[in-house]
Each structure stands twice: as structure tokens, then as C-alpha cells.
Amino acid sequence: MLGLLLLQVLASCLWLGHSEVVKSFEECPQFFYAETTPNDALNPKNPALICQRFNNSYHYATLYDRDRRIPVYSAYKYQPGDAKKPPEWWMVEPQLIDKNSIPDMERDWILIEQKKFTSDQIKESQAVHNDYKGLKGLDRGHLSPSGHQFSRESMMATFTLTNVVPQDRSLNKGEWNAYELKTMSKKTKGCKTTYVITGAVPGNTYIAEERVNRPSHIWSAACCLGDEEPKDAWGAIAENNKNEVEELSLKELEKRLTELYGGTVTLFSSACPRK
Ligand SMILES: *[C@@H]1O[C@H](CO)[C@@H](O)[C@H](O)[C@H]1NC(C)=O
């Protein structure tokens, strides 16, 4: 009996080593400034921590809400470049299905045809391609956007359904897109490294036969490092039903999120300016 228990403990330790749905973000701390993650106030009841792995390497980190089948946030380093637009291979996360030895995100048909998963298994564990089909006025809105990545590989890694939420189309194609491209490029002038956390506040409505939550707000926060030390930080938030983005300080954003999530929210290390 004890032997069996030990075996189980050992087995779960071994899983820690190579899975990408992880117990803590210790497997991929590089996407958080000072290896500091947002505090627990954002945590959903049934979370999955994902070190987003594609083609054998990590590209960003996502906190996923298994019940609502949307990400809570994705965290990454802002590294835009001029790589050619990659093919849009929409992927899913095998490790949300069960504990298995497939560490990379993958296209669903490959999991079905080559790895013997069923489409029901995939659908039960996460949002799938079909959930976003034929939606009126809603896009698959990236939290970690491909336009903030310089390599083709990292860009491709953003096309996974664990990194998107149902986002108002006019907002996604309009002001949010302008914030991601123009505002971010302006504000990061003189930043050697910029860490970004972009998230979605769960809403009261669902799409796809009540499977996938439609967030009430989309938000983003950035902490900009000069040489080594943070020198600037800022935030943005948008209601997910109109084409309007409000820019604010990190402190103001944390305050707003504290009201929306109902618990004190801290997004970045205290070294990032709250002014
Ligand atoms: C995957 O990694 C290999 C080896 O590093 C590289 O040659 C290849 O270009 C990568 N594939 C993509 C799609 O980036």
C-alpha cells in the first residue's frame, strides 16, 4: 500500500518535469518580470497553468480557466519584428485532456488521427475551432498577439485556442488593434525589455451552446525596463461590446481590476512604477 503511494508520488513528480500544463510557472518564469506572477485574486476555481510550448520551445505563459474555457491571461515579452505572417494553424492543448506525453500544442486533427484522442475528449477539456465558427460580431481575440513576436515560430505559437477569447469584432479590428500596434510601439520607445500581461474579465454570457464564456472586459498591462530596472508601466482596458479603449496607469488598472474581480489585484512586481 505504502509502495503504491510512493509510486504515485514519484509518478506525479516525473510528470512535472516534462509537461506544459504545470503546477507553477516555475517551468517558464522568463515571461514574468522578476519571475513574479500576478497574485491569486485572478485565479478561477478550476485553473490550468500552461507554459505555451510549440516546436520544442516555450513562447509565453497562460493561466487558463477550465470551466469557462477561456484564458484568464497570457504573459509574454513584447518582441515585435518583421517576420512574414505565418500560416494560421489553429491549435489546442493536449495536456488539458489528460496527463500525456505530448508537450507541444497541436492541431486537433493530428491528435485525432495520429494520437488516438477523440474529438469529444478535446471538446470536453477546452474550446475548439467549431465554438468560434459563424459568430456574429465576435472574433477570436488573441491575448498574446502574433504581432508582438518577432520569430515565425513564436508568431505561430499564438494561434492556439487557449490564448483567445470571444472578442467584439469592432474592438478587435479597431481600437484594440490600434493599442497593440501604435500605442505599444510608441510607449515602448527607450524600453530595453517590456513585459506584458493581457487578460479577460469573465462575463455573464456564453457562446457556443454555453460552452465558452464571453468576457465583459479585455485588459492589458506593461512593465518597461530601461537597462535593468523598470522605468515605466501602464495599462489599458476595454469593455467587450464597443470599439473603445481606455488608457490608464498600472495603479489605476489594478484598482479597476480589483473592483471587477472582487479581490485585491497585483499584476506586476512592486518594482514596476504605479504612479
Ligand atoms: C522548428 O524548429 C526547427 C529546429 O530548431 C527549425 O528548423 C524549424 O524552422 C522550426 N519550425 C518552425 C515552424 O518555426
# chains A, B, ... in the order shown; residues from 1 in each chain; ligands from 1
call {"tool": "residues_around", "arguments": {"residues": "range 249-259 of chain A", "least_positions_apart": "6", "cutoff": "10 Å", "atoms": "only C-alpha atoms", "output": "PyMOL selection string"}}
result
chain A and resi 41-42+201+217+219-223+232-237+265-268+272-275
call {"tool": "residues_near_ligand", "arguments": {"ligand": "ligand 1", "cutoff": "12 Å", "atoms": "only C-alpha atoms and all ligand atoms", "output": "VMD selection string"}}
result
chain A and resid 53 to 59 83 to 89 104 150 to 157
call {"tool": "atom_distance", "arguments": {"atom1": "CA of Leu135 in chain A", "atom2": "CA of Ser216 in chain A"}}
result
16.7 Å
call {"tool": "select_by_dssp", "arguments": {"residues": "range 30-251 of chain A", "states": "strand (DSSP E)", "output": "JSON, numbers by chain"}}
result
{"A": [47, 48, 49, 50, 51, 52, 53, 54, 57, 58, 59, 60, 61, 62, 63, 64, 65, 70, 71, 72, 73, 74, 75, 76, 77, 138, 139, 140, 141, 142, 164, 165, 166, 167, 168, 193, 194, 195, 196, 197, 198, 199, 200, 201, 205, 206, 207, 212, 213, 214, 217, 218, 219, 220, 221, 222, 223, 224, 225, 230, 231, 232, 233, 234, 235, 236, 237, 238, 239, 246, 247, 248]}
call {"tool": "closest_residue", "arguments": {"among": "A:Leu96, A:Val245, A:Cys191, A:Val72", "to": "Asn213 in chain A", "atoms": "only C-alpha atoms"}}
result
A:Val72
call {"tool": "closest_residue", "arguments": {"among": "A:Ile207, A:Leu138, A:Leu181, A:Cys51", "to": "Arg69 in chain A", "atoms": "only C-alpha atoms"}}
result
A:Ile207
call {"tool": "select_by_dssp", "arguments": {"residues": "range 30-245 of chain A", "states": "helix (DSSP H, G or I)", "output": "number ranges by chain"}}
result
A: 30-31, 33-35, 40-42, 94-96, 108-113, 119-125, 129-132, 146-148, 152-156, 161-163, 169-173, 175-187
call {"tool": "residues_around", "arguments": {"residues": "Tyr33 in chain A", "least_positions_apart": "3", "cutoff": "9 Å", "atoms": "only C-alpha atoms", "output": "list in words"}}
result
Pro29, Gln30, Thr36, Thr37, Lys77, Thr194, Tyr195, Val196, Cys223, Phe268, Ser269 and Cys272 of chain A
call {"tool": "residues_around", "arguments": {"residues": "range 165-176 of chain A", "least_positions_apart": "4", "cutoff": "6 Å", "atoms": "only C-alpha atoms", "output": "list in words"}}
result
Ile70, Gly137, Leu138, Asp139, Arg140, Gly141, Arg214, Asn240, Asn241, Asn243 and Glu244 of chain A
call {"tool": "residues_around", "arguments": {"residues": "Leu111 in chain A", "least_positions_apart": "6", "cutoff": "12 Å", "atoms": "only C-alpha atoms", "output": "list in words"}}
result
Met91, Val92, Glu93, Pro94, Gln95, Ile97, Asn100, Ile102, Asp104, Met105, Phe117, Thr118, Ser119, Asp120, Gln121 and Ile122 of chain A
